[in-house]
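First comes the structure, then the notes that go with it.
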There are 2 protein chains.
Amino acid sequence: MSENRIRILLVDDHAVMRAGLANMLNANPAFRVIAEAGDGATAITLFRQHLPDVVLMDVIMPGQDGIQTLHVLREHFPAARVLMLTSSEMEDDIIRSIKAGASGYITKAALPAELAAAIKTIHAGGRVIGPVIERILAQQACGIQVTQRELEVLALLRKGLSNADIGEMLDITPRTAKAHVAALLVKLEAADRAEAVARGFERGLLKP
Amino acid sequence: MSENRIRILLVDDHAVMRAGLANMLNANPAFRVIAEAGDGATAITLFRQHLPDVVLMDVIMPGQDGIQTLHVLREHFPAARVLMLTSSEMEDDIIRSIKAGASGYITKAALPAELAAAIKTIHAGGRVIGPVIERILAQQACGIQVTQRELEVLALLRKGLSNADIGEMLDITPRTAKAHVAALLVKLEAADRAEAVARGFERGLLKP
DNA sequence: ACCGCTATTGGCCGAACGGACAATACCAAT
DNA sequence: ATTGGTATTGTCCGTTCGGCCAATAGCGGT
């Protein structure tokens, strides 16, 4: 009968969380955790070995994070069904996860029953977007998005670099660096570079 | 026989995590989860009702966070044994937890066996500090600490306020605000207010 | 081919920043 | 009582910032 169970691969750097999830899911006759990974590379390997029905993936992981892993995974296995399960509600993480081909995104604050339902939906080929997530997606859709270049500049702002320094780092004139900073201030609705950095952290554009 | 089990109160806003932990701990004959709380207020109430041997508390919670809850709990029940179990490795959270009277602090990246051992140690009256945590505490001990006033200023820097604005908000001259900012730059080893904000987030002085 | 977005660069200017030097007042600890 | 840390305030000055004007080049989509 266990052949009918939904075979799950857990990916989370928190061993406690993995163990807890495994216990919980295995207690449900509909599921069976067939493998666990503590990092992205292991996740890829285990997926190849076990070809699970659904992957439960944490976004935040040291080294290769969940979204990067998701990218690699979908390259090799476009049909892979991945449910991002995370404590992070960073807008950017959500957007990037969906873009990277996640079948769903729910937070760890979800009730176990919701998680179970989500896994079943994913397995059936559906998509799962939590209520909080939907709201964020909606407001992001109409919002302006930060370009790759601006993201690089933001990362340098975080390090306390001046426009001149940024220009040197990116091999552009200080004037151009200034233009990027100005664009960031507008897009992030920040009064100065300090607030821009703060907004960067709030939006998940910058990681602690 | 269940009378000999260590009675545990779980406090975590993530239902999935609670369920997982409960499953895992209850599978161990040494433990018994006797109650779960999803927020600080509930945690206090449940503690009073059940008087658990050990409290497993998450630091990050919406509303009253784990550290605030810990404060309140220790006021009413100075003998309460609390193990902070969190994914956060923010220096400031750790320092404040220990100061608030936590008996231990370990991350969710710990192995289940480590968690079990930690709970037993706590229950026996000992203290548990993870290896990563110890390192952070050590470097913090010799490091300079940010004052309350500077913390207020940092919070305003984050909002993009100028020295003049900060002065108005705190009812001090712009010059004094500038002095606090200067102190922050030195203590946080930041080149400008933008980097100071970044360091604030990295150290957990600022929350997303 | 044309349009929109991005990246790039320039000059000008007032306001803000950050460093350096120095001083006073308060409070807690020794 | 003296010491040390914190908070407070001051002036001077060179550097940097951020806003405003405008322009060119490239790239992808209609």
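Chain identifiers are assigned as A, B, and so on, following the order in which chains appear in the structure tokens; residues are numbered from 1 within each chain, and ligands are numbered from 1 in order of appearance.
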
For the interface of chain C with chain B (cut-off 12 Å, counting only C-alpha atoms (C1' of nucleotides)), please tabulate each contacting residue of chain C alongside its nearest pair of atoms and their separation in Å to one decimal, rows sorted by chain and increasing number, as a tab-separated table.
```
residue	atom	partner	partner_atom	distance
C:DA15	C1'	B:Ser162	CA	10.7
C:DA16	C1'	B:Ser162	CA	7.6
C:DC17	C1'	B:Asp192	CA	8.7
C:DG18	C1'	B:Ala182	CA	7.6
C:DG19	C1'	B:Ala182	CA	9.2
```

Distance query Arg48 of chain A at most 12 Å, only C-alpha atoms (C1' of nucleotides), self and fewer than 2 positions along chain excluded, as a PyMOL selection string: chain A and resi 9+35+41-46+50-53+55+72-74+76-77+80

Can you write out the residues you just picked, keeping N, CA, C and O atoms, as a PDB file, in the first residue's frame?
```
ATOM      1  N   LEU A   9      10.843  14.363  -0.892  1.00  0.00           N
ATOM      2  CA  LEU A   9      12.237  14.682  -0.555  1.00  0.00           C
ATOM      3  C   LEU A   9      12.243  15.969   0.254  1.00  0.00           C
ATOM      4  O   LEU A   9      11.721  16.989  -0.199  1.00  0.00           O
ATOM      5  N   ALA A  35      13.649  10.685   1.483  1.00  0.00           N
ATOM      6  CA  ALA A  35      15.030  11.161   1.612  1.00  0.00           C
ATOM      7  C   ALA A  35      15.044  12.563   2.202  1.00  0.00           C
ATOM      8  O   ALA A  35      14.065  13.299   2.097  1.00  0.00           O
ATOM      9  N   ALA A  41      23.306  20.823  -2.855  1.00  0.00           N
ATOM     10  CA  ALA A  41      24.012  19.830  -3.660  1.00  0.00           C
ATOM     11  C   ALA A  41      23.493  18.424  -3.356  1.00  0.00           C
ATOM     12  O   ALA A  41      23.216  17.628  -4.265  1.00  0.00           O
ATOM     13  N   THR A  42      23.344  18.138  -2.079  1.00  0.00           N
ATOM     14  CA  THR A  42      22.819  16.838  -1.672  1.00  0.00           C
ATOM     15  C   THR A  42      21.402  16.640  -2.213  1.00  0.00           C
ATOM     16  O   THR A  42      21.028  15.542  -2.643  1.00  0.00           O
ATOM     17  N   ALA A  43      20.661  17.703  -2.209  1.00  0.00           N
ATOM     18  CA  ALA A  43      19.282  17.638  -2.703  1.00  0.00           C
ATOM     19  C   ALA A  43      19.244  17.169  -4.155  1.00  0.00           C
ATOM     20  O   ALA A  43      18.456  16.285  -4.516  1.00  0.00           O
ATOM     21  N   ILE A  44      20.107  17.743  -4.979  1.00  0.00           N
ATOM     22  CA  ILE A  44      20.155  17.374  -6.394  1.00  0.00           C
ATOM     23  C   ILE A  44      20.491  15.888  -6.542  1.00  0.00           C
ATOM     24  O   ILE A  44      19.823  15.141  -7.271  1.00  0.00           O
ATOM     25  N   THR A  45      21.519  15.472  -5.817  1.00  0.00           N
ATOM     26  CA  THR A  45      21.941  14.078  -5.871  1.00  0.00           C
ATOM     27  C   THR A  45      20.819  13.132  -5.458  1.00  0.00           C
ATOM     28  O   THR A  45      20.534  12.145  -6.137  1.00  0.00           O
ATOM     29  N   LEU A  46      20.180  13.471  -4.356  1.00  0.00           N
ATOM     30  CA  LEU A  46      19.119  12.604  -3.843  1.00  0.00           C
ATOM     31  C   LEU A  46      17.912  12.596  -4.776  1.00  0.00           C
ATOM     32  O   LEU A  46      17.239  11.575  -4.917  1.00  0.00           O
ATOM     33  N   HIS A  50      16.355   9.172  -6.201  1.00  0.00           N
ATOM     34  CA  HIS A  50      15.045   8.703  -5.744  1.00  0.00           C
ATOM     35  C   HIS A  50      13.869   9.149  -6.595  1.00  0.00           C
ATOM     36  O   HIS A  50      12.781   8.591  -6.489  1.00  0.00           O
ATOM     37  N   LEU A  51      14.076  10.194  -7.404  1.00  0.00           N
ATOM     38  CA  LEU A  51      12.983  10.740  -8.203  1.00  0.00           C
ATOM     39  C   LEU A  51      11.691  10.849  -7.403  1.00  0.00           C
ATOM     40  O   LEU A  51      10.700  10.177  -7.704  1.00  0.00           O
ATOM     41  N   PRO A  52      11.684  11.677  -6.389  1.00  0.00           N
ATOM     42  CA  PRO A  52      10.510  11.816  -5.518  1.00  0.00           C
ATOM     43  C   PRO A  52       9.349  12.475  -6.252  1.00  0.00           C
ATOM     44  O   PRO A  52       9.546  13.116  -7.293  1.00  0.00           O
ATOM     45  N   ASP A  53       8.162  12.295  -5.708  1.00  0.00           N
ATOM     46  CA  ASP A  53       6.979  12.909  -6.319  1.00  0.00           C
ATOM     47  C   ASP A  53       6.957  14.409  -6.057  1.00  0.00           C
ATOM     48  O   ASP A  53       6.570  15.191  -6.916  1.00  0.00           O
ATOM     49  N   VAL A  55       9.099  17.718  -3.875  1.00  0.00           N
ATOM     50  CA  VAL A  55      10.226  18.188  -3.068  1.00  0.00           C
ATOM     51  C   VAL A  55       9.731  19.300  -2.156  1.00  0.00           C
ATOM     52  O   VAL A  55       9.060  20.232  -2.610  1.00  0.00           O
ATOM     53  N   VAL A  72      18.694  24.805 -10.568  1.00  0.00           N
ATOM     54  CA  VAL A  72      19.466  23.665 -11.075  1.00  0.00           C
ATOM     55  C   VAL A  72      18.567  22.446 -11.262  1.00  0.00           C
ATOM     56  O   VAL A  72      18.621  21.758 -12.288  1.00  0.00           O
ATOM     57  N   LEU A  73      17.737  22.236 -10.258  1.00  0.00           N
ATOM     58  CA  LEU A  73      16.853  21.067 -10.286  1.00  0.00           C
ATOM     59  C   LEU A  73      15.929  21.099 -11.496  1.00  0.00           C
ATOM     60  O   LEU A  73      15.776  20.114 -12.220  1.00  0.00           O
ATOM     61  N   ARG A  74      15.346  22.253 -11.755  1.00  0.00           N
ATOM     62  CA  ARG A  74      14.385  22.376 -12.861  1.00  0.00           C
ATOM     63  C   ARG A  74      15.084  22.293 -14.216  1.00  0.00           C
ATOM     64  O   ARG A  74      14.451  21.962 -15.212  1.00  0.00           O
ATOM     65  N   HIS A  76      17.557  20.198 -14.908  1.00  0.00           N
ATOM     66  CA  HIS A  76      17.739  18.773 -15.181  1.00  0.00           C
ATOM     67  C   HIS A  76      16.415  18.017 -15.189  1.00  0.00           C
ATOM     68  O   HIS A  76      16.246  17.055 -15.913  1.00  0.00           O
ATOM     69  N   PHE A  77      15.503  18.459 -14.346  1.00  0.00           N
ATOM     70  CA  PHE A  77      14.218  17.762 -14.234  1.00  0.00           C
ATOM     71  C   PHE A  77      13.078  18.774 -14.296  1.00  0.00           C
ATOM     72  O   PHE A  77      12.532  19.172 -13.269  1.00  0.00           O
ATOM     73  N   ALA A  80       9.944  18.301 -12.255  1.00  0.00           N
ATOM     74  CA  ALA A  80      10.005  18.211 -10.795  1.00  0.00           C
ATOM     75  C   ALA A  80       8.975  19.142 -10.159  1.00  0.00           C
ATOM     76  O   ALA A  80       8.802  20.276 -10.587  1.00  0.00           O
TER      77      ALA A  80
END
```

For chain B versus chain A, which residues have an atom no more than 7 Å away, and what is each residue's nearest atom pair and distance in Å rounded to one decimal, using only C-alpha atoms, chain-then-number order, as a tab-separated table?
```
residue	atom	partner	partner_atom	distance
B:Asp13	CA	A:Ala109	CA	6.2
B:His14	CA	A:Ala109	CA	3.9
B:Ala15	CA	A:Ala109	CA	5.2
B:Val16	CA	A:Pro112	CA	5.4
B:Met17	CA	A:Met17	CA	6.4
B:Ala19	CA	A:Met24	CA	6.7
B:Gly20	CA	A:Gly20	CA	3.4
B:Leu21	CA	A:Gly20	CA	4.9
B:Asn23	CA	A:Asn23	CA	5.9
B:Met24	CA	A:Gly20	CA	5.5
B:Lys108	CA	A:His14	CA	5.1
B:Ala109	CA	A:His14	CA	3.8
B:Ala110	CA	A:Ala15	CA	6.0
B:Leu111	CA	A:Ala15	CA	5.3
B:Pro112	CA	A:Val16	CA	5.4
B:Leu157	CA	A:Ala194	CA	6.5
B:Arg158	CA	A:Glu195	CA	5.0
B:Lys159	CA	A:Glu195	CA	5.3
B:Gly160	CA	A:Glu195	CA	4.5
B:Ala190	CA	A:Gly160	CA	6.6
B:Ala191	CA	A:Gly160	CA	5.1
B:Asp192	CA	A:Gly160	CA	5.5
B:Arg193	CA	A:Ala194	CA	5.5
B:Ala194	CA	A:Ala194	CA	3.6
B:Glu195	CA	A:Gly160	CA	4.5
B:Val197	CA	A:Ala194	CA	6.2
B:Ala198	CA	A:Arg158	CA	5.6
B:Phe201	CA	A:Pro208	CA	6.3
B:Glu202	CA	A:Pro208	CA	4.8
B:Pro208	CA	A:Glu202	CA	4.8
```

Å distance separating atom CA of Ala100 of chain B from atom CA of Arg5 of chain B, one decimal place: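 It comes out at 26.7 Å.
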
Given identical sequences, can you show me chain B least-squares superposed on chain A via all its Cα atoms in order, as a short mmCIF file (atom, residue, chain, number, x, y, z; two decimals) with C-alpha atoms, in the first residue's frame?
```
data_model
loop_
_atom_site.label_atom_id
_atom_site.label_comp_id
_atom_site.auth_asym_id
_atom_site.auth_seq_id
_atom_site.Cartn_x
_atom_site.Cartn_y
_atom_site.Cartn_z
CA MET B 1 -0.29 0.07 0.16
CA SER B 2 2.69 2.25 0.74
CA GLU B 3 3.06 2.36 -3.03
CA ASN B 4 0.21 4.82 -3.12
CA ARG B 5 1.82 7.20 -0.69
CA ILE B 6 3.15 10.45 -2.05
CA ARG B 7 6.91 10.07 -1.98
CA ILE B 8 8.59 13.16 -0.55
CA LEU B 9 12.13 14.53 -0.51
CA LEU B 10 12.83 16.95 2.33
CA VAL B 11 15.42 19.67 1.84
CA ASP B 12 16.23 21.86 4.83
CA ASP B 13 19.47 22.74 6.53
CA HIS B 14 17.80 22.52 9.93
CA ALA B 15 18.07 18.93 11.11
CA VAL B 16 15.47 19.57 13.77
CA MET B 17 13.02 20.82 11.20
CA ARG B 18 13.70 17.86 8.91
CA ALA B 19 13.20 15.36 11.67
CA GLY B 20 10.05 17.10 12.80
CA LEU B 21 8.61 17.27 9.32
CA ALA B 22 9.52 13.68 8.60
CA ASN B 23 7.81 12.52 11.77
CA MET B 24 4.75 14.57 11.04
CA LEU B 25 4.42 13.60 7.40
CA ASN B 26 5.10 9.93 7.96
CA ALA B 27 2.35 9.90 10.57
CA ASN B 28 -0.01 10.74 7.73
CA PRO B 29 -0.80 7.64 5.64
CA ALA B 30 -0.93 9.76 2.51
CA PHE B 31 2.75 10.63 2.68
CA ARG B 32 6.10 9.01 2.92
CA VAL B 33 9.37 10.83 3.35
CA ILE B 34 11.81 8.80 1.29
CA ALA B 35 14.87 10.99 1.68
CA GLU B 36 16.23 14.06 3.42
CA ALA B 37 18.90 16.53 2.36
CA GLY B 38 20.63 19.17 4.43
CA ASP B 39 22.00 21.10 1.49
CA GLY B 40 21.37 21.79 -2.17
CA ALA B 41 23.98 19.48 -3.66
CA THR B 42 22.75 16.53 -1.64
CA ALA B 43 19.22 17.38 -2.67
CA ILE B 44 20.09 17.06 -6.37
CA THR B 45 21.83 13.75 -5.82
CA LEU B 46 18.97 12.34 -3.79
CA PHE B 47 16.40 13.51 -6.30
CA ARG B 48 18.23 11.68 -9.04
CA GLN B 49 18.38 8.53 -6.95
CA HIS B 50 14.83 8.47 -5.67
CA LEU B 51 12.80 10.56 -8.14
CA PRO B 52 10.36 11.68 -5.45
CA ASP B 53 6.83 12.81 -6.26
CA VAL B 54 7.23 16.07 -4.41
CA VAL B 55 10.18 18.06 -3.04
CA LEU B 56 9.72 20.15 0.10
CA MET B 57 12.43 22.78 -0.05
CA ASP B 58 13.56 25.44 2.36
CA VAL B 59 14.64 28.71 0.76
CA ILE B 60 17.32 29.67 3.22
CA MET B 61 20.30 27.36 3.27
CA PRO B 62 24.00 27.95 3.70
CA GLY B 63 25.99 27.71 0.49
CA GLN B 64 23.72 26.91 -2.43
CA ASP B 65 20.35 28.17 -1.30
CA GLY B 66 16.93 26.76 -2.05
CA ILE B 67 16.31 28.90 -5.09
CA GLN B 68 19.62 28.05 -6.72
CA THR B 69 18.96 24.40 -6.02
CA LEU B 70 15.52 24.77 -7.53
CA HIS B 71 17.06 26.22 -10.67
CA VAL B 72 19.48 23.35 -11.08
CA LEU B 73 16.82 20.79 -10.29
CA ARG B 74 14.39 22.14 -12.87
CA GLU B 75 17.11 22.17 -15.49
CA HIS B 76 17.67 18.46 -15.16
CA PHE B 77 14.15 17.51 -14.19
CA PRO B 78 11.67 19.98 -15.65
CA ALA B 79 8.78 17.90 -14.35
CA ALA B 80 9.94 18.04 -10.74
CA ARG B 81 7.25 19.30 -8.41
CA VAL B 82 8.71 21.52 -5.74
CA LEU B 83 6.96 23.14 -2.82
CA MET B 84 8.97 25.90 -1.20
CA LEU B 85 8.38 25.76 2.53
CA THR B 86 10.05 28.57 4.35
CA SER B 87 9.99 30.95 7.24
CA SER B 88 11.10 33.74 4.95
CA GLU B 89 8.48 36.10 3.69
CA MET B 90 10.97 38.14 1.76
CA GLU B 91 9.26 39.37 -1.38
CA ASP B 92 12.23 38.78 -3.54
CA ASP B 93 12.61 35.15 -2.48
CA ILE B 94 9.00 34.49 -3.36
CA ILE B 95 9.20 36.12 -6.76
CA ARG B 96 12.39 34.29 -7.63
CA SER B 97 11.03 30.97 -6.41
CA ILE B 98 7.95 31.19 -8.57
CA LYS B 99 10.02 32.31 -11.53
CA ALA B 100 12.41 29.42 -10.97
CA GLY B 101 9.53 27.03 -11.38
CA ALA B 102 8.33 26.25 -7.88
CA SER B 103 4.88 24.69 -7.87
CA GLY B 104 4.06 26.38 -4.61
CA TYR B 105 5.28 28.58 -1.81
CA ILE B 106 3.95 28.47 1.72
CA THR B 107 5.37 29.59 5.03
CA LYS B 108 6.22 27.46 8.00
CA ALA B 109 3.55 29.35 9.88
CA ALA B 110 1.00 27.34 7.89
CA LEU B 111 -1.02 24.77 9.78
CA PRO B 112 -0.02 21.12 9.31
CA ALA B 113 -3.34 20.48 7.62
CA GLU B 114 -2.61 23.27 5.15
CA LEU B 115 0.77 21.77 4.44
CA ALA B 116 -0.74 18.36 3.83
CA ALA B 117 -3.32 19.85 1.50
CA ALA B 118 -0.64 21.79 -0.31
CA ILE B 119 1.46 18.70 -0.92
CA LYS B 120 -1.54 16.86 -2.32
CA THR B 121 -2.39 19.74 -4.60
CA ILE B 122 1.17 19.96 -5.85
CA HIS B 123 1.27 16.23 -6.45
CA ALA B 124 -1.93 16.47 -8.47
CA GLY B 125 -0.26 19.02 -10.72
CA GLY B 126 -1.74 22.14 -9.14
CA ARG B 127 -0.13 25.24 -7.75
CA VAL B 128 -0.21 26.50 -4.19
CA ILE B 129 0.18 30.11 -3.22
CA GLY B 130 -0.55 31.14 0.34
CA PRO B 131 -2.74 34.12 1.13
CA VAL B 132 0.13 36.24 2.42
CA ILE B 133 2.19 35.35 -0.62
CA GLU B 134 -0.60 36.28 -2.98
CA ARG B 135 -0.81 39.74 -1.48
CA ILE B 136 2.91 40.26 -1.86
CA LEU B 137 2.85 39.04 -5.45
CA ALA B 138 -0.02 41.37 -6.26
CA GLN B 139 1.73 44.43 -4.92
CA GLN B 140 4.94 43.40 -6.62
CA ALA B 141 3.27 42.98 -10.00
CA CYS B 142 2.32 46.63 -10.23
CA GLY B 143 5.43 47.77 -8.48
CA ILE B 144 8.65 48.83 -10.17
CA GLN B 145 11.41 46.27 -10.19
CA VAL B 146 15.05 46.80 -9.45
CA THR B 147 17.43 46.00 -12.30
CA GLN B 148 20.46 43.75 -12.06
CA ARG B 149 22.81 46.70 -12.22
CA GLU B 150 20.99 48.52 -9.48
CA LEU B 151 21.18 45.40 -7.37
CA GLU B 152 24.96 45.40 -7.75
CA VAL B 153 25.04 49.03 -6.70
CA LEU B 154 22.83 48.28 -3.71
CA ALA B 155 25.25 45.60 -2.60
CA LEU B 156 28.04 48.16 -2.70
CA LEU B 157 25.98 50.79 -0.88
CA ARG B 158 25.64 48.24 1.86
CA LYS B 159 29.38 48.16 2.18
CA GLY B 160 29.55 51.88 2.76
CA LEU B 161 31.07 52.78 -0.60
CA SER B 162 30.77 56.30 -1.99
CA ASN B 163 29.61 57.01 -5.52
CA ALA B 164 33.24 57.36 -6.53
CA ASP B 165 34.10 54.00 -4.96
CA ILE B 166 31.15 52.35 -6.67
CA GLY B 167 32.27 53.80 -9.97
CA GLU B 168 35.68 52.26 -9.54
CA MET B 169 34.30 48.87 -8.53
CA LEU B 170 31.94 48.69 -11.49
CA ASP B 171 34.27 50.45 -13.88
CA ILE B 172 31.90 53.31 -14.61
CA THR B 173 32.09 57.04 -13.91
CA PRO B 174 31.05 58.30 -10.48
CA ARG B 175 28.24 60.11 -12.27
CA THR B 176 26.72 56.88 -13.51
CA ALA B 177 27.01 55.31 -10.11
CA LYS B 178 25.15 58.31 -8.81
CA ALA B 179 22.42 57.74 -11.39
CA HIS B 180 21.98 54.15 -10.23
CA VAL B 181 21.81 55.25 -6.63
CA ALA B 182 19.23 57.86 -7.55
CA ALA B 183 17.19 55.18 -9.34
CA LEU B 184 17.39 52.98 -6.25
CA LEU B 185 16.17 55.79 -4.03
CA VAL B 186 13.12 56.26 -6.21
CA LYS B 187 12.33 52.56 -6.69
CA LEU B 188 12.81 51.67 -3.05
CA GLU B 189 11.07 54.84 -1.89
CA ALA B 190 14.09 55.74 0.20
CA ALA B 191 15.18 59.19 1.29
CA ASP B 192 18.89 58.33 1.27
CA ARG B 193 21.29 55.42 0.82
CA ALA B 194 20.84 54.35 4.43
CA GLU B 195 17.12 53.83 3.96
CA ALA B 196 17.77 52.19 0.60
CA VAL B 197 19.90 49.59 2.36
CA ALA B 198 17.18 49.10 4.96
CA ARG B 199 14.57 48.57 2.25
CA GLY B 200 16.95 46.17 0.57
CA PHE B 201 17.01 44.00 3.67
CA GLU B 202 13.25 44.29 4.14
CA ARG B 203 12.60 43.19 0.57
CA GLY B 204 15.10 40.38 0.65
CA LEU B 205 17.29 42.02 -1.98
CA LEU B 206 20.06 41.91 0.61
CA LYS B 207 20.74 38.93 2.86
CA PRO B 208 22.03 39.26 6.39
#
```

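Taking atom C1' of DC12 of chain D as the reference point, atom C1' of DC13 of chain C is found at 21.4 Å.
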
Chain D contacts to chain B at 12 Å (only C-alpha atoms (C1' of nucleotides)) as an mmCIF file with N, CA, C and O atoms (P, O5', C5', C4', C3', O3' and C1' of nucleotides), in the first residue's frame:
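Result file result-v2.cif:
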```
data_model
loop_
_atom_site.group_PDB
_atom_site.id
_atom_site.type_symbol
_atom_site.label_atom_id
_atom_site.label_comp_id
_atom_site.auth_asym_id
_atom_site.auth_seq_id
_atom_site.Cartn_x
_atom_site.Cartn_y
_atom_site.Cartn_z
ATOM 1 P P DG D 5 35.743 53.825 30.179
ATOM 2 O "O5'" DG D 5 34.206 53.995 29.822
ATOM 3 C "C5'" DG D 5 33.243 53.221 30.536
ATOM 4 C "C4'" DG D 5 31.888 53.886 30.439
ATOM 5 C "C3'" DG D 5 31.526 54.323 29.014
ATOM 6 O "O3'" DG D 5 30.268 53.764 28.659
ATOM 7 C "C1'" DG D 5 31.195 56.109 30.560
ATOM 8 P P DT D 6 29.742 53.946 27.153
ATOM 9 O "O5'" DT D 6 28.616 55.041 27.301
ATOM 10 C "C5'" DT D 6 27.662 54.921 28.358
ATOM 11 C "C4'" DT D 6 26.763 56.151 28.393
ATOM 12 C "C3'" DT D 6 26.377 56.667 27.014
ATOM 13 O "O3'" DT D 6 24.965 56.681 26.899
ATOM 14 C "C1'" DT D 6 27.181 58.431 28.397
ATOM 15 P P DA D 7 24.311 57.240 25.568
ATOM 16 O "O5'" DA D 7 24.070 58.784 25.882
ATOM 17 C "C5'" DA D 7 23.323 59.161 27.031
ATOM 18 C "C4'" DA D 7 23.212 60.671 27.068
ATOM 19 C "C3'" DA D 7 22.869 61.302 25.720
ATOM 20 O "O3'" DA D 7 21.757 62.178 25.857
ATOM 21 C "C1'" DA D 7 24.784 62.341 26.647
ATOM 22 P P DT D 8 21.152 62.870 24.579
ATOM 23 O "O5'" DT D 8 21.851 64.296 24.535
ATOM 24 C "C5'" DT D 8 21.737 65.165 25.646
ATOM 25 C "C4'" DT D 8 22.778 66.246 25.615
ATOM 26 C "C3'" DT D 8 22.869 67.048 24.318
ATOM 27 O "O3'" DT D 8 21.930 68.110 24.338
ATOM 28 C "C1'" DT D 8 25.006 66.698 25.369
ATOM 29 P P DT D 9 21.550 68.803 22.970
ATOM 30 O "O5'" DT D 9 22.828 69.703 22.648
ATOM 31 C "C5'" DT D 9 23.185 70.769 23.513
ATOM 32 C "C4'" DT D 9 24.537 71.348 23.146
ATOM 33 C "C3'" DT D 9 24.680 71.860 21.713
ATOM 34 O "O3'" DT D 9 24.421 73.259 21.648
ATOM 35 C "C1'" DT D 9 26.676 70.846 22.572
ATOM 36 P P DG D 10 24.347 73.969 20.192
ATOM 37 O "O5'" DG D 10 25.862 74.338 19.865
ATOM 38 C "C5'" DG D 10 26.619 75.117 20.805
ATOM 39 C "C4'" DG D 10 28.073 75.193 20.381
ATOM 40 C "C3'" DG D 10 28.302 75.459 18.895
ATOM 41 O "O3'" DG D 10 28.411 76.865 18.664
ATOM 42 C "C1'" DG D 10 29.882 73.874 19.815
ATOM 43 P P DT D 11 28.378 77.354 17.043
ATOM 44 O "O5'" DT D 11 29.877 77.153 16.546
ATOM 45 C "C5'" DT D 11 30.972 77.635 17.332
ATOM 46 C "C4'" DT D 11 32.278 77.357 16.585
ATOM 47 C "C3'" DT D 11 32.246 77.709 15.102
ATOM 48 O "O3'" DT D 11 33.414 78.412 14.744
ATOM 49 C "C1'" DT D 11 32.888 75.446 15.377
ATOM 50 P P DT D 16 35.229 62.345 -1.471
ATOM 51 O "O5'" DT D 16 33.659 62.208 -1.281
ATOM 52 C "C5'" DT D 16 33.142 61.853 -0.001
ATOM 53 C "C4'" DT D 16 31.629 62.018 -0.008
ATOM 54 C "C3'" DT D 16 30.936 61.462 -1.267
ATOM 55 O "O3'" DT D 16 30.079 60.401 -0.878
ATOM 56 C "C1'" DT D 16 30.093 63.613 -0.650
ATOM 57 P P DC D 17 29.101 59.715 -1.923
ATOM 58 O "O5'" DC D 17 27.760 60.532 -1.680
ATOM 59 C "C5'" DC D 17 27.341 60.763 -0.345
ATOM 60 C "C4'" DC D 17 26.063 61.560 -0.308
ATOM 61 C "C3'" DC D 17 24.967 61.072 -1.265
ATOM 62 O "O3'" DC D 17 23.756 60.965 -0.553
ATOM 63 C "C1'" DC D 17 25.427 63.381 -1.606
#
```

Could you give me the residues within segment 58-139 of chain A that DSSP places in strand (DSSP E or B), as a list in words?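 Selecting the strand (DSSP E or B) positions of segment 58-139 of chain A gives Val82, Leu83, Met84, Leu85, Thr86, Gly104, Tyr105, Ile106, Thr107, Val128 and Ile129 of chain A.
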
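The two atoms in question, atom C1' of DT3 of chain D and atom C1' of DC26 of chain C, are spaced 13.7 Å apart.
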
Please give the complete set of residues from chain A that DSSP, run on the backbone, assigns to alpha helix (DSSP H), formatted as number ranges by chain. A: 15-26, 40-50, 66-76, 91-99, 112-123, 131-141, 148-158, 163-170, 174-187, 193-203

Fewer than 4 positions away in the same chain doesn't count, so skip those; otherwise give me all residues within 12 Å of DT30 of chain D, counting only C-alpha atoms (C1' of nucleotides), as a list in words.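 After dropping sequence-adjacent residues, the list is DA1, DC2, DC3 and DG4 of chain C.
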
Just want the 10 Å neighbourhood of DC27 of chain D, counted on only C-alpha atoms (C1' of nucleotides), with same-chain residues fewer than 2 positions away dropped. Output as a list in words.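 What passes the distance filter is DC5 and DT6 of chain C; DA25 and DG29 of chain D.
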